[in-house]
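Chemist: This is work.pdb (PDB, C-alpha atoms).
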ATOM      1  CA  MET I  60       0.000   0.000   0.000
ATOM      2  CA  LYS I  61       1.251   3.478  -0.874
ATOM      3  CA  LYS I  62       1.694   5.754   2.124
ATOM      4  CA  ILE I  63       2.153   9.514   1.838
ATOM      5  CA  LEU I  64       2.667  11.715   4.901
ATOM      6  CA  PHE I  65       2.483  15.508   4.644
ATOM      7  CA  PHE I  66       4.436  17.980   6.771
ATOM      8  CA  THR I  67       3.952  21.754   6.399
ATOM      9  CA  SER I  68       6.588  24.115   7.674
ATOM     10  CA  LEU I  69       5.972  27.592   9.093
ATOM     11  CA  LEU I  70       4.445  29.853   6.442
ATOM     12  CA  ILE I  71       5.615  33.455   6.730
ATOM     13  CA  VAL I  72       3.360  35.870   4.876
ATOM     14  CA  GLN I  73       3.918  39.618   4.852
ATOM     15  CA  PHE I  74       2.562  41.857   2.145
ATOM     16  CA  THR I  75       4.420  45.103   2.839
ATOM     17  CA  ILE I  76       8.088  45.786   2.444
ATOM     18  CA  ALA I  77      10.384  48.747   2.117
ATOM     19  CA  GLN I  78      11.232  49.930  -1.368
ATOM     20  CA  VAL I  79      14.095  52.095  -0.109
ATOM     21  CA  SER I  80      15.889  51.689   3.156
ATOM     22  CA  GLY I  81      14.871  55.061   4.629
ATOM     23  CA  ASN I  82      16.216  56.575   7.838
ATOM     24  CA  ILE I  83      14.971  53.600   9.857
ATOM     25  CA  ASN I  84      18.220  51.816   8.923
ATOM     26  CA  TYR I  85      20.561  54.793   9.274
ATOM     27  CA  LYS I  86      21.283  54.221  12.965
ATOM     28  CA  ASN I  87      21.200  50.429  12.777
ATOM     29  CA  GLN I  88      23.795  50.274  10.038
ATOM     30  CA  VAL I  89      23.841  46.526   9.404
ATOM     31  CA  VAL I  90      20.428  44.973   8.933
ATOM     32  CA  PHE I  91      21.257  42.069   6.623
ATOM     33  CA  THR I  92      19.577  38.888   7.849
ATOM     34  CA  ASP I  93      19.490  35.217   6.884
ATOM     35  CA  ASN I  94      16.214  34.529   5.092
ATOM     36  CA  SER I  95      16.632  30.860   4.245
ATOM     37  CA  ILE I  96      13.581  28.575   4.451
ATOM     38  CA  ASN I  97      13.476  26.289   7.463
ATOM     39  CA  VAL I  98      11.780  23.104   6.243
ATOM     40  CA  ASN I  99      12.008  20.544   9.056
ATOM     41  CA  PHE I 100      12.361  17.050   7.700
ATOM     42  CA  PRO I 101      13.427  13.553   8.833
ATOM     43  CA  SER I 102      16.932  12.564   7.763
ATOM     44  CA  ASN I 103      16.586   8.766   7.975
ATOM     45  CA  ALA I 104      14.941   8.294   4.560
ATOM     46  CA  ASP I 105      16.610   6.320   1.778
ATOM     47  CA  ILE I 106      16.179   9.075  -0.820
ATOM     48  CA  ILE I 107      15.386  12.801  -0.422
ATOM     49  CA  ALA I 108      14.445  14.860  -3.487
ATOM     50  CA  SER I 109      14.217  18.642  -2.984
ATOM     51  CA  VAL I 110      13.516  21.668  -5.179
ATOM     52  CA  LYS I 111      13.924  25.367  -4.304
ATOM     53  CA  GLY I 112      12.395  28.233  -6.278
ATOM     54  CA  LEU I 113      12.754  32.023  -6.058
ATOM     55  CA  ALA I 114      10.527  34.778  -7.470
ATOM     56  CA  ASN I 115      11.396  38.490  -7.626
ATOM     57  CA  VAL I 116       8.205  40.558  -7.456
ATOM     58  CA  LYS I 117       7.891  44.277  -8.260
ATOM     59  CA  ALA I 118       5.538  46.475  -6.262
ATOM     60  CA  ASP I 119       2.361  48.035  -7.606
ATOM     61  CA  ALA I 120       1.757  50.532  -4.756
ATOM     62  CA  TYR I 121       3.993  52.411  -2.299
ATOM     63  CA  VAL I 122       3.519  54.164   1.056
ATOM     64  CA  ALA I 123       6.152  56.680   2.193
ATOM     65  CA  ILE I 124       6.203  57.832   5.822
ATOM     66  CA  PHE I 125       7.689  61.199   6.802
ATOM     67  CA  GLN I 126       8.123  62.312  10.415
ATOM     68  CA  VAL I 127       7.394  65.930  11.464
ATOM     69  CA  THR I 128       8.456  67.502  14.785
ATOM     70  CA  GLN I 129       7.418  70.927  16.037
ATOM     71  CA  THR I 130       8.247  72.722  19.301
ATOM     72  CA  GLY I 131       6.815  75.906  20.762
ATOM     73  CA  ALA I 132       6.138  77.847  23.917
ATOM     74  CA  THR I 133       2.367  77.193  23.928
ATOM     75  CA  THR I 134       0.039  74.518  22.615
ATOM     76  CA  GLU I 135      -1.587  77.044  20.292
ATOM     77  CA  GLU I 136       1.756  77.999  18.768
ATOM     78  CA  VAL I 137       2.832  74.374  18.267
ATOM     79  CA  ASN I 138      -0.437  73.344  16.579
ATOM     80  CA  GLU I 139      -0.588  76.410  14.366
ATOM     81  CA  ILE I 140       2.965  76.021  13.033
ATOM     82  CA  ILE I 141       2.854  72.266  12.418
ATOM     83  CA  ASP I 142      -0.567  72.444  10.738
ATOM     84  CA  LYS I 143       0.744  75.166   8.443
ATOM     85  CA  ARG I 144       3.836  73.143   7.501
ATOM     86  CA  ILE I 145       1.865  69.957   6.860
ATOM     87  CA  GLY I 146      -1.070  71.714   5.181
ATOM     88  CA  GLN I 147       1.083  73.543   2.648
ATOM     89  CA  SER I 148       2.950  70.327   1.820
ATOM     90  CA  LEU I 149      -0.147  68.168   1.369
ATOM     91  CA  LYS I 150      -1.848  70.809  -0.771
ATOM     92  CA  GLU I 151       0.899  70.396  -3.394
ATOM     93  CA  ILE I 152       1.321  66.639  -2.940
ATOM     94  CA  ARG I 153      -2.391  65.947  -3.521
ATOM     95  CA  LEU I 154      -2.125  67.538  -6.950
ATOM     96  CA  LYS I 155      -0.092  64.527  -8.082
ATOM     97  CA  LYS I 156      -1.984  61.781  -9.913
ATOM     98  CA  GLY I 157      -2.935  58.659  -7.945
ATOM     99  CA  VAL I 158      -1.796  59.988  -4.558
ATOM    100  CA  GLU I 159      -3.536  59.514  -1.185
ATOM    101  CA  THR I 160      -2.413  61.008   2.140
ATOM    102  CA  PHE I 161      -2.977  60.459   5.837
ATOM    103  CA  VAL I 162      -1.644  62.322   8.897
ATOM    104  CA  ASP I 163      -0.932  60.217  11.987
ATOM    105  CA  MET I 164      -0.666  61.799  15.450
ATOM    106  CA  ILE I 165       2.366  60.422  17.315
ATOM    107  CA  THR I 166       3.105  62.395  20.517
ATOM    108  CA  PHE I 167       2.237  65.708  22.155
ATOM    109  CA  VAL I 168       4.248  66.257  25.357
ATOM    110  CA  PRO I 169       5.503  69.160  27.476
ATOM    111  CA  MET I 170       9.223  69.971  27.532
ATOM    112  CA  TYR I 171      11.143  70.793  30.698
ATOM    113  CA  ASP I 172      14.253  72.700  31.686
ATOM    114  CA  TYR I 173      15.994  73.611  34.949
ATOM    115  CA  THR I 174      16.098  76.907  36.852
ATOM    116  CA  VAL I 175      18.801  77.532  39.415
ATOM    117  CA  GLU I 176      17.850  78.618  42.909
ATOM    118  CA  ARG I 177      20.768  80.199  44.751
ATOM    119  CA  LYS I 178      20.818  80.403  48.529
ATOM    120  CA  LEU I 179      23.435  81.957  50.768
ATOM    121  CA  PHE I 180      25.689  79.429  52.505
ATOM    122  CA  SER I 181      24.028  76.429  50.763
ATOM    123  CA  ARG I 182      24.361  74.407  47.592
ATOM    124  CA  LYS I 183      22.551  75.401  44.399
ATOM    125  CA  THR I 184      19.079  73.948  43.864
ATOM    126  CA  TYR I 185      17.881  73.008  40.363
ATOM    127  CA  ASN I 186      14.139  73.036  39.805
ATOM    128  CA  GLU I 187      12.574  71.401  36.750
ATOM    129  CA  ILE I 188       9.888  73.573  35.123
ATOM    130  CA  PRO I 189       7.841  73.323  31.884
ATOM    131  CA  VAL I 190       9.220  75.548  29.128
ATOM    132  CA  GLY I 191       7.190  74.517  26.091
ATOM    133  CA  PHE I 192       5.647  71.687  24.119
ATOM    134  CA  GLU I 193       6.726  69.162  21.495
ATOM    135  CA  LEU I 194       4.335  67.755  18.886
ATOM    136  CA  LYS I 195       5.170  64.892  16.508
ATOM    137  CA  LYS I 196       3.135  63.667  13.547
ATOM    138  CA  ASN I 197       3.732  61.251  10.679
ATOM    139  CA  ILE I 198       2.661  61.919   7.104
ATOM    140  CA  HIS I 199       1.673  58.782   5.138
ATOM    141  CA  ILE I 200       1.698  59.142   1.345
ATOM    142  CA  LYS I 201       0.382  56.367  -0.913
ATOM    143  CA  TYR I 202       1.372  56.399  -4.601
ATOM    144  CA  THR I 203       1.870  54.058  -7.551
ATOM    145  CA  ASP I 204       4.638  55.819  -9.510
ATOM    146  CA  PRO I 205       7.981  55.366  -7.668
ATOM    147  CA  SER I 206       9.506  58.406  -9.383
ATOM    148  CA  LEU I 207       7.128  60.659  -7.406
ATOM    149  CA  LEU I 208       9.196  60.159  -4.247
ATOM    150  CA  ASP I 209      11.706  62.770  -5.418
ATOM    151  CA  ASP I 210       8.870  65.278  -5.902
ATOM    152  CA  PHE I 211       7.574  64.578  -2.388
ATOM    153  CA  MET I 212      11.028  65.183  -0.937
ATOM    154  CA  LYS I 213      11.310  68.579  -2.645
ATOM    155  CA  ILE I 214       7.851  69.690  -1.523
ATOM    156  CA  LEU I 215       8.309  68.568   2.078
ATOM    157  CA  SER I 216      11.831  69.914   2.467
ATOM    158  CA  ALA I 217      10.558  73.340   1.398
ATOM    159  CA  ASN I 218       8.450  73.215   4.573
ATOM    160  CA  GLU I 219      11.351  71.919   6.723
ATOM    161  CA  ILE I 220      10.207  68.295   6.678
ATOM    162  CA  TYR I 221      13.205  66.064   6.002
ATOM    163  CA  ASP I 222      12.857  62.806   7.920
ATOM    164  CA  LEU I 223      11.871  59.980   5.559
ATOM    165  CA  VAL I 224      11.273  57.150   8.040
ATOM    166  CA  ARG I 225      10.706  54.396   5.509
ATOM    167  CA  VAL I 226       8.989  53.477   2.245
ATOM    168  CA  ASP I 227       6.788  50.389   2.278
ATOM    169  CA  TYR I 228       5.449  48.809  -0.828
ATOM    170  CA  PHE I 229       2.671  46.405  -1.658
ATOM    171  CA  SER I 230       1.934  43.751  -4.260
ATOM    172  CA  ASN I 231      -1.441  42.277  -5.155
ATOM    173  CA  THR I 232       0.131  39.334  -6.995
ATOM    174  CA  LEU I 233       1.790  37.445  -4.123
ATOM    175  CA  GLU I 234      -0.847  34.709  -3.938
ATOM    176  CA  ALA I 235      -0.544  34.065  -7.688
ATOM    177  CA  VAL I 236       3.256  34.086  -7.396
ATOM    178  CA  LYS I 237       3.176  31.485  -4.616
ATOM    179  CA  LYS I 238       0.931  29.196  -6.671
ATOM    180  CA  ASP I 239       3.223  29.570  -9.677
ATOM    181  CA  LEU I 240       6.264  28.652  -7.576
ATOM    182  CA  MET I 241       4.464  25.622  -6.168
ATOM    183  CA  ASN I 242       3.431  24.337  -9.610
ATOM    184  CA  LYS I 243       6.930  24.746 -11.070
ATOM    185  CA  ALA I 244       8.554  23.088  -8.063
ATOM    186  CA  ARG I 245       6.081  20.178  -8.151
ATOM    187  CA  LEU I 246       6.951  19.354 -11.772
ATOM    188  CA  LEU I 247      10.685  19.522 -11.083
ATOM    189  CA  VAL I 248      10.585  17.348  -7.980
ATOM    190  CA  LEU I 249       8.521  14.704  -9.807
ATOM    191  CA  GLU I 250      11.104  14.783 -12.576
ATOM    192  CA  LYS I 251      13.870  14.195 -10.013
ATOM    193  CA  VAL I 252      12.001  11.250  -8.465
ATOM    194  CA  LYS I 253      11.463   9.736 -11.939
ATOM    195  CA  ASN I 254      15.177  10.121 -12.660
ATOM    196  CA  TYR I 255      16.063   8.286  -9.423
ATOM    197  CA  GLU I 256      13.747   5.433 -10.435
ATOM    198  CA  THR I 257      15.506   5.165 -13.799
ATOM    199  CA  LEU I 258      18.975   5.194 -12.260
ATOM    200  CA  LEU I 259      18.089   2.547  -9.675
ATOM    201  CA  GLY I 260      16.014   0.435 -12.038
ATOM    202  CA  GLU I 261      13.027   0.245  -9.708
ATOM    203  CA  THR I 262       9.709   1.962  -8.989
ATOM    204  CA  PHE I 263       8.703   3.958  -5.909
ATOM    205  CA  THR I 264       4.969   3.519  -6.477
ATOM    206  CA  ASN I 265       4.446   1.461  -3.329
ATOM    207  CA  ALA I 266       7.217   3.109  -1.303
ATOM    208  CA  GLU I 267       6.420   5.196   1.775
ATOM    209  CA  LYS I 268       6.728   8.902   1.027
ATOM    210  CA  LYS I 269       6.874  11.978   3.259
ATOM    211  CA  ILE I 270       6.418  15.510   1.921
ATOM    212  CA  ALA I 271       7.341  18.870   3.494
ATOM    213  CA  ASP I 272       7.251  22.363   1.999
ATOM    214  CA  GLY I 273       7.446  26.007   3.029
ATOM    215  CA  TYR I 274       7.453  29.630   1.881
ATOM    216  CA  SER I 275       9.533  32.624   2.912
ATOM    217  CA  ILE I 276       8.938  36.255   1.899
ATOM    218  CA  THR I 277      11.931  38.585   2.225
ATOM    219  CA  LEU I 278      11.634  42.327   2.807
ATOM    220  CA  PRO I 279      14.133  44.645   1.092
ATOM    221  CA  VAL I 280      14.535  46.600   4.342
ATOM    222  CA  GLU I 281      16.050  43.405   5.798
ATOM    223  CA  MET I 282      18.560  43.080   2.971
ATOM    224  CA  TYR I 283      20.747  46.169   3.344
ATOM    225  CA  LYS I 284      24.460  46.063   4.159
ATOM    226  CA  SER I 285      26.711  48.915   5.257
ATOM    227  CA  TYR I 286      30.160  49.927   4.167
ATOM    228  CA  GLU I 287      32.655  52.826   4.423
ATOM    229  CA  ALA I 288      34.348  54.053   1.273
ATOM    230  CA  TYR I 289      37.346  56.306   2.011
ATOM    231  CA  SER I 290      41.103  56.665   1.672
ATOM    232  CA  SER I 291      43.213  57.848   4.619
ATOM    233  CA  SER I 292      46.752  59.152   4.698
ATOM    234  CA  SER I 293      49.481  56.520   4.858
ATOM    235  CA  LEU I 294      51.656  58.624   7.195
ATOM    236  CA  SER I 295      52.167  57.128  10.669
ATOM    237  CA  LEU I 296      51.778  60.240  12.788
ATOM    238  CA  LYS I 297      50.318  58.761  15.969
ATOM    239  CA  LYS I 298      53.802  58.179  17.435
ATOM    240  CA  PHE I 299      54.716  61.865  17.162
ATOM    241  CA  ALA I 300      51.492  63.819  17.621
ATOM    242  CA  ASN I 301      47.801  63.697  18.481
ATOM    243  CA  VAL I 302      45.868  62.796  15.349
ATOM    244  CA  ASN I 303      42.216  63.756  14.919
ATOM    245  CA  GLN I 304      40.814  61.724  12.068
ATOM    246  CA  ALA I 305      37.847  62.914  10.051
ATOM    247  CA  VAL I 306      34.507  61.194  10.505
ATOM    248  CA  LYS I 307      34.029  58.746   7.647
ATOM    249  CA  SER I 308      30.568  58.462   6.138
ATOM    250  CA  THR I 309      28.900  55.059   6.338
ATOM    251  CA  THR I 310      26.374  54.214   3.660
ATOM    252  CA  LEU I 311      24.061  51.321   2.810
ATOM    253  CA  TYR I 312      23.431  49.245  -0.282
ATOM    254  CA  TYR I 313      20.769  46.710  -1.202
ATOM    255  CA  GLN I 314      21.987  43.095  -1.329
ATOM    256  CA  PRO I 315      19.223  40.744  -2.523
ATOM    257  CA  ILE I 316      19.181  36.968  -2.235
ATOM    258  CA  THR I 317      21.284  35.626  -5.118
ATOM    259  CA  ASN I 318      20.127  33.060  -7.655
ATOM    260  CA  LYS I 319      22.887  30.488  -7.157
ATOM    261  CA  ASP I 320      21.153  28.282  -4.545
ATOM    262  CA  PHE I 321      17.883  27.741  -6.430
ATOM    263  CA  ASP I 322      16.684  25.205  -8.986
ATOM    264  CA  PHE I 323      14.717  27.890 -10.829
ATOM    265  CA  VAL I 324      14.164  31.668 -10.599
ATOM    266  CA  VAL I 325      11.189  33.734 -11.776
ATOM    267  CA  ASN I 326      12.184  37.242 -12.996
ATOM    268  CA  SER I 327      15.879  36.654 -12.366
ATOM    269  CA  THR I 328      17.139  40.146 -13.302
ATOM    270  CA  ILE I 329      16.855  42.664 -10.461
ATOM    271  CA  LEU I 330      17.087  46.398 -11.169
ATOM    272  CA  GLU I 331      15.424  47.745  -8.022
ATOM    273  CA  PRO I 332      14.659  46.351  -4.537
ATOM    274  CA  VAL I 333      11.933  43.722  -4.890
ATOM    275  CA  ILE I 334       9.837  41.317  -2.859
ATOM    276  CA  GLN I 335      11.637  37.977  -2.892
ATOM    277  CA  VAL I 336       9.423  34.913  -2.458
ATOM    278  CA  GLN I 337      11.110  31.572  -1.776
ATOM    279  CA  TYR I 338       9.487  28.139  -1.942
ATOM    280  CA  GLU I 339      11.002  24.764  -1.146
ATOM    281  CA  ILE I 340       9.542  21.272  -1.334
ATOM    282  CA  LYS I 341      11.141  18.023  -0.136
ATOM    283  CA  ILE I 342      10.085  14.411  -0.694
ATOM    284  CA  ALA I 343      11.560  11.619   1.436
ATOM    285  CA  ILE I 344      11.250   8.096   0.012
ATOM    286  CA  THR I 345      11.656   4.919   2.041
ATOM    287  CA  ARG I 346      12.217   2.147  -0.479
ATOM    288  CA  THR I 347      10.491  -1.245  -0.109
ATOM    289  CA  LYS I 348      12.787  -3.698   1.603
ATOM    290  CA  LYS I 349      13.333  -6.977  -0.259
ATOM    291  CA  PRO I 350      12.740 -10.070   1.904
ATOM    292  CA  ALA I 351      15.926 -11.807   2.984
ATOM    293  CA  PRO I 352      16.440 -15.268   1.447
ATOM    294  CA  LYS I 353      15.557 -18.152   3.747
ATOM    295  CA  ASN I 354      18.427 -20.313   4.881
ATOM    296  CA  GLU I 355      16.841 -23.724   4.113
ATOM    297  CA  LYS I 356      18.809 -26.943   4.596
ATOM    298  CA  GLU I 357      18.155 -30.253   2.871
ATOM    299  CA  TYR I 358      18.657 -33.470   4.821
ATOM    300  CA  ILE I 359      19.554 -36.732   2.992
ATOM    301  CA  LEU I 360      19.248 -40.236   4.506
ATOM    302  CA  VAL I 361      21.700 -42.842   3.273
ATOM    303  CA  THR I 362      20.202 -46.325   3.541
ATOM    304  CA  PRO I 363      22.290 -49.452   4.308
ATOM    305  CA  SER I 364      21.938 -50.388   0.662
ATOM    306  CA  GLY I 365      23.494 -47.064  -0.418
ATOM    307  CA  ASP I 366      20.322 -45.365  -1.580
ATOM    308  CA  LEU I 367      19.777 -41.619  -0.949
ATOM    309  CA  LYS I 368      16.415 -40.517   0.389
ATOM    310  CA  PRO I 369      15.471 -36.854   1.170
ATOM    311  CA  LEU I 370      14.040 -36.274   4.629
ATOM    312  CA  GLN I 371      11.136 -33.862   5.217
ATOM    313  CA  LEU I 372      11.844 -32.398   8.660
ATOM    314  CA  SER I 373       9.397 -29.984  10.306
ATOM    315  CA  THR I 374      10.959 -26.777  11.664
ATOM    316  CA  SER I 375       8.003 -25.990  13.927
ATOM    317  CA  LYS I 376       8.421 -26.496  17.642
TER
END
Since I need it in another form, could you write the structure as structure tokens?
Modeler:
Amino acid sequence: MKKILFFTSLLIVQFTIAQVSGNINYKNQVVFTDNSINVNFPSNADIIASVKGLANVKADAYVAIFQVTQTGATTEEVNEIIDKRIGQSLKEIRLKKGVETFVDMITFVPMYDYTVERKLFSRKTYNEIPVGFELKKNIHIKYTDPSLLDDFMKILSANEIYDLVRVDYFSNTLEAVKKDLMNKARLLVLEKVKNYETLLGETFTNAEKKIADGYSITLPVEMYKSYEAYSSSSLSLKKFANVNQAVKSTTLYYQPITNKDFDFVVNSTILEPVIQVQYEIKIAITRTKKPAPKNEKEYILVTPSGDLKPLQLSTSK
């Protein structure tokens, strides 16, 4: 009888990722992570056939998030200034085709400072007092044309809004991409199993089979590496003088998952950061064991006349 056991690994599904790194990665310089699929599988099978596929998916919608901070002496002053800055920016941004906006309230807190109280023949006393207010808001901008991000930056910077937190992007095709990966991988793994049957000169039709598969979706914001590009003087001056070296700029670059570890790749050429969908399927085959030959002995009786007669002896106890 043919036995097939199914195992499903953890399915990670996320539909938003960052198109550009944004300032969220500026402080945490190295954010590259291992995004390999973890398909748990027994290792005691006779034969294991596996197939890994990768798909690079472009976005069809983006959401950029800009952070705005405003301080002032009174609540009225803070609200008036920040509303003016945001209002003027959004008025121009909304003129762009296919753009939607949303303003998210983050924090509104008082700020404090210290006043010094001096007393004769005693230590100074510092008293904390409120000196103003700080208001923070985030501007969310949804768009479909990635080239519009430069226009948003120019408009916002004119109103002293510079902090691009991150840019997320979305794809409506991920479910179709996952099905396509599964279908391609299924055909390839069946082809591998058929090839093993040909090489071994046997069939696995009645063999016990175990199947495991899994998906992994990688975010571009997770795939940035940092580096410093500079050239310093070769003079060894530290032995003779105090040397103050210039601060070297650290930058980031996008490092996607490469194609070399996959059996097939959909949209292999990458020009911009993309959603990377991985799929892996494994089939473990336990081949049918052939029965061991019986160690049967034949007993011959030699009669006094020299005749040979076989004896039928029962092995049962």
Chemist: For stretch 216-218 of chain I, work out the shell of residues within 7 Å, counting only C-alpha atoms and skipping chain neighbours fewer than 4 positions away, then give it as a list in words.
Modeler: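 Those residues are Arg144, Ser148 and Met212 of chain I.
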Chemist: On this structure, the PyMOL selection byres ((chain I and resi 249) around 12) would catch which residues? List them as a PyMOL selection string, sorted by chain and number.
Modeler: chain I and resi 107-110+242-248+250-256+263+270+340-342
Chemist: Report, in Å with one decimal, the straight-line distance from atom CA of I:Pro279 to atom CA of I:Tyr338.
Modeler: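 One can read the atom CA of I:Pro279 to atom CA of I:Tyr338 distance as 17.4 Å.
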Chemist: Can you work out which one of I:Ala271, I:Met170, I:Val361, I:Ala123 has the shortest atom-to-atom distance to I:Asp209, counting all atoms listed in the file?
Modeler: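 Ranked by minimum distance to I:Asp209, first place goes to I:Ala123.
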Chemist: Using all atoms listed in the file, which protein or nucleic acid residues come within 12 Å of I:Ala235? Drop anything in the same chain fewer than 4 positions from it, and give the result as number ranges by chain.
Modeler: I: 114, 116, 230-231, 239-242, 336
Chemist: Return the padded bounding box of stretch 264-272 of chain I as JSON: axis-aligned, built from all atoms listed in the file, 4 Å added on each side, with centre and edge lengths in Å to one decimal.
Modeler:
{"center_x": 5.9, "center_y": 11.9, "center_z": -1.5, "size_x": 10.9, "size_y": 28.9, "size_z": 18.0}
Chemist: Take the PyMOL selection byres ((chain I and resi 320) around 12), apply it to the structure above, and return the hits as a list in words.
Modeler: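 For this structure, the PyMOL selection byres ((chain I and resi 320) around 12) captures Ser95, Ile96, Ser109, Val110, Lys111, Gly112, Leu113, Ile316, Thr317, Asn318, Lys319, Phe321, Asp322, Phe323, Val324, Gln337, Tyr338 and Glu339 of chain I.
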Chemist: If you measure from atom CA of I:Ile188 to atom CA of I:Asp222, what distance in Å do you get, rounded to one decimal?
Modeler: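 If I compute the distance from atom CA of I:Ile188 to atom CA of I:Asp222, I get 29.4 Å.
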Chemist: For the structure shown, which residues end up in the PyMOL selection byres ((chain I and resi 151) around 12)? Put them as an mmCIF file with C-alpha atoms, in the frame of the given file, please?
Modeler:
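Result written to part_0.cif:
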data_model
loop_
_atom_site.group_PDB
_atom_site.id
_atom_site.type_symbol
_atom_site.label_atom_id
_atom_site.label_comp_id
_atom_site.auth_asym_id
_atom_site.auth_seq_id
_atom_site.Cartn_x
_atom_site.Cartn_y
_atom_site.Cartn_z
ATOM 1 C CA ARG I 144 3.836 73.143 7.501
ATOM 2 C CA ILE I 145 1.865 69.957 6.860
ATOM 3 C CA GLY I 146 -1.070 71.714 5.181
ATOM 4 C CA GLN I 147 1.083 73.543 2.648
ATOM 5 C CA SER I 148 2.950 70.327 1.820
ATOM 6 C CA LEU I 149 -0.147 68.168 1.369
ATOM 7 C CA LYS I 150 -1.848 70.809 -0.771
ATOM 8 C CA ILE I 152 1.321 66.639 -2.940
ATOM 9 C CA ARG I 153 -2.391 65.947 -3.521
ATOM 10 C CA LEU I 154 -2.125 67.538 -6.950
ATOM 11 C CA LYS I 155 -0.092 64.527 -8.082
ATOM 12 C CA LYS I 156 -1.984 61.781 -9.913
ATOM 13 C CA VAL I 158 -1.796 59.988 -4.558
ATOM 14 C CA GLU I 159 -3.536 59.514 -1.185
ATOM 15 C CA THR I 160 -2.413 61.008 2.140
ATOM 16 C CA ASP I 210 8.870 65.278 -5.902
ATOM 17 C CA PHE I 211 7.574 64.578 -2.388
ATOM 18 C CA MET I 212 11.028 65.183 -0.937
ATOM 19 C CA LYS I 213 11.310 68.579 -2.645
ATOM 20 C CA ILE I 214 7.851 69.690 -1.523
ATOM 21 C CA LEU I 215 8.309 68.568 2.078
ATOM 22 C CA ALA I 217 10.558 73.340 1.398
ATOM 23 C CA ASN I 218 8.450 73.215 4.573
#
Chemist: By how many Å are atom CA of I:Tyr221 and atom CA of I:Leu311 apart?
Modeler: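 Answer for the atom CA of I:Tyr221 to atom CA of I:Leu311 separation: 18.6 Å.
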Chemist: Nearest residue to I:Ile198 out of I:Asn326, I:Gln126, I:Asn115, I:Ser285, using all atoms listed in the file?
Modeler: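 Smallest separation from I:Ile198 among the options: I:Gln126.
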Chemist: Name the closest residue to I:Lys269 among the candidates I:Ile124, I:Val236, I:Ala343, I:Ala104; distances are taken between atoms, counting all atoms listed in the file.
Modeler: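 Of I:Ile124, I:Val236, I:Ala343, I:Ala104, the one nearest I:Lys269, counting all atoms listed in the file, is I:Ala343.
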Chemist: My list of candidates is I:Lys284, I:Lys183, I:Met164, I:Val122. Which is closest to I:Leu208 when distances are computed with all atoms listed in the file?
Modeler: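 Nearest to I:Leu208: I:Val122.
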Chemist: So which one's closest to I:Ile334, I:Phe229, I:Phe167, I:Tyr202, I:Phe161? Using only C-alpha atoms, please.
Modeler: I:Phe229
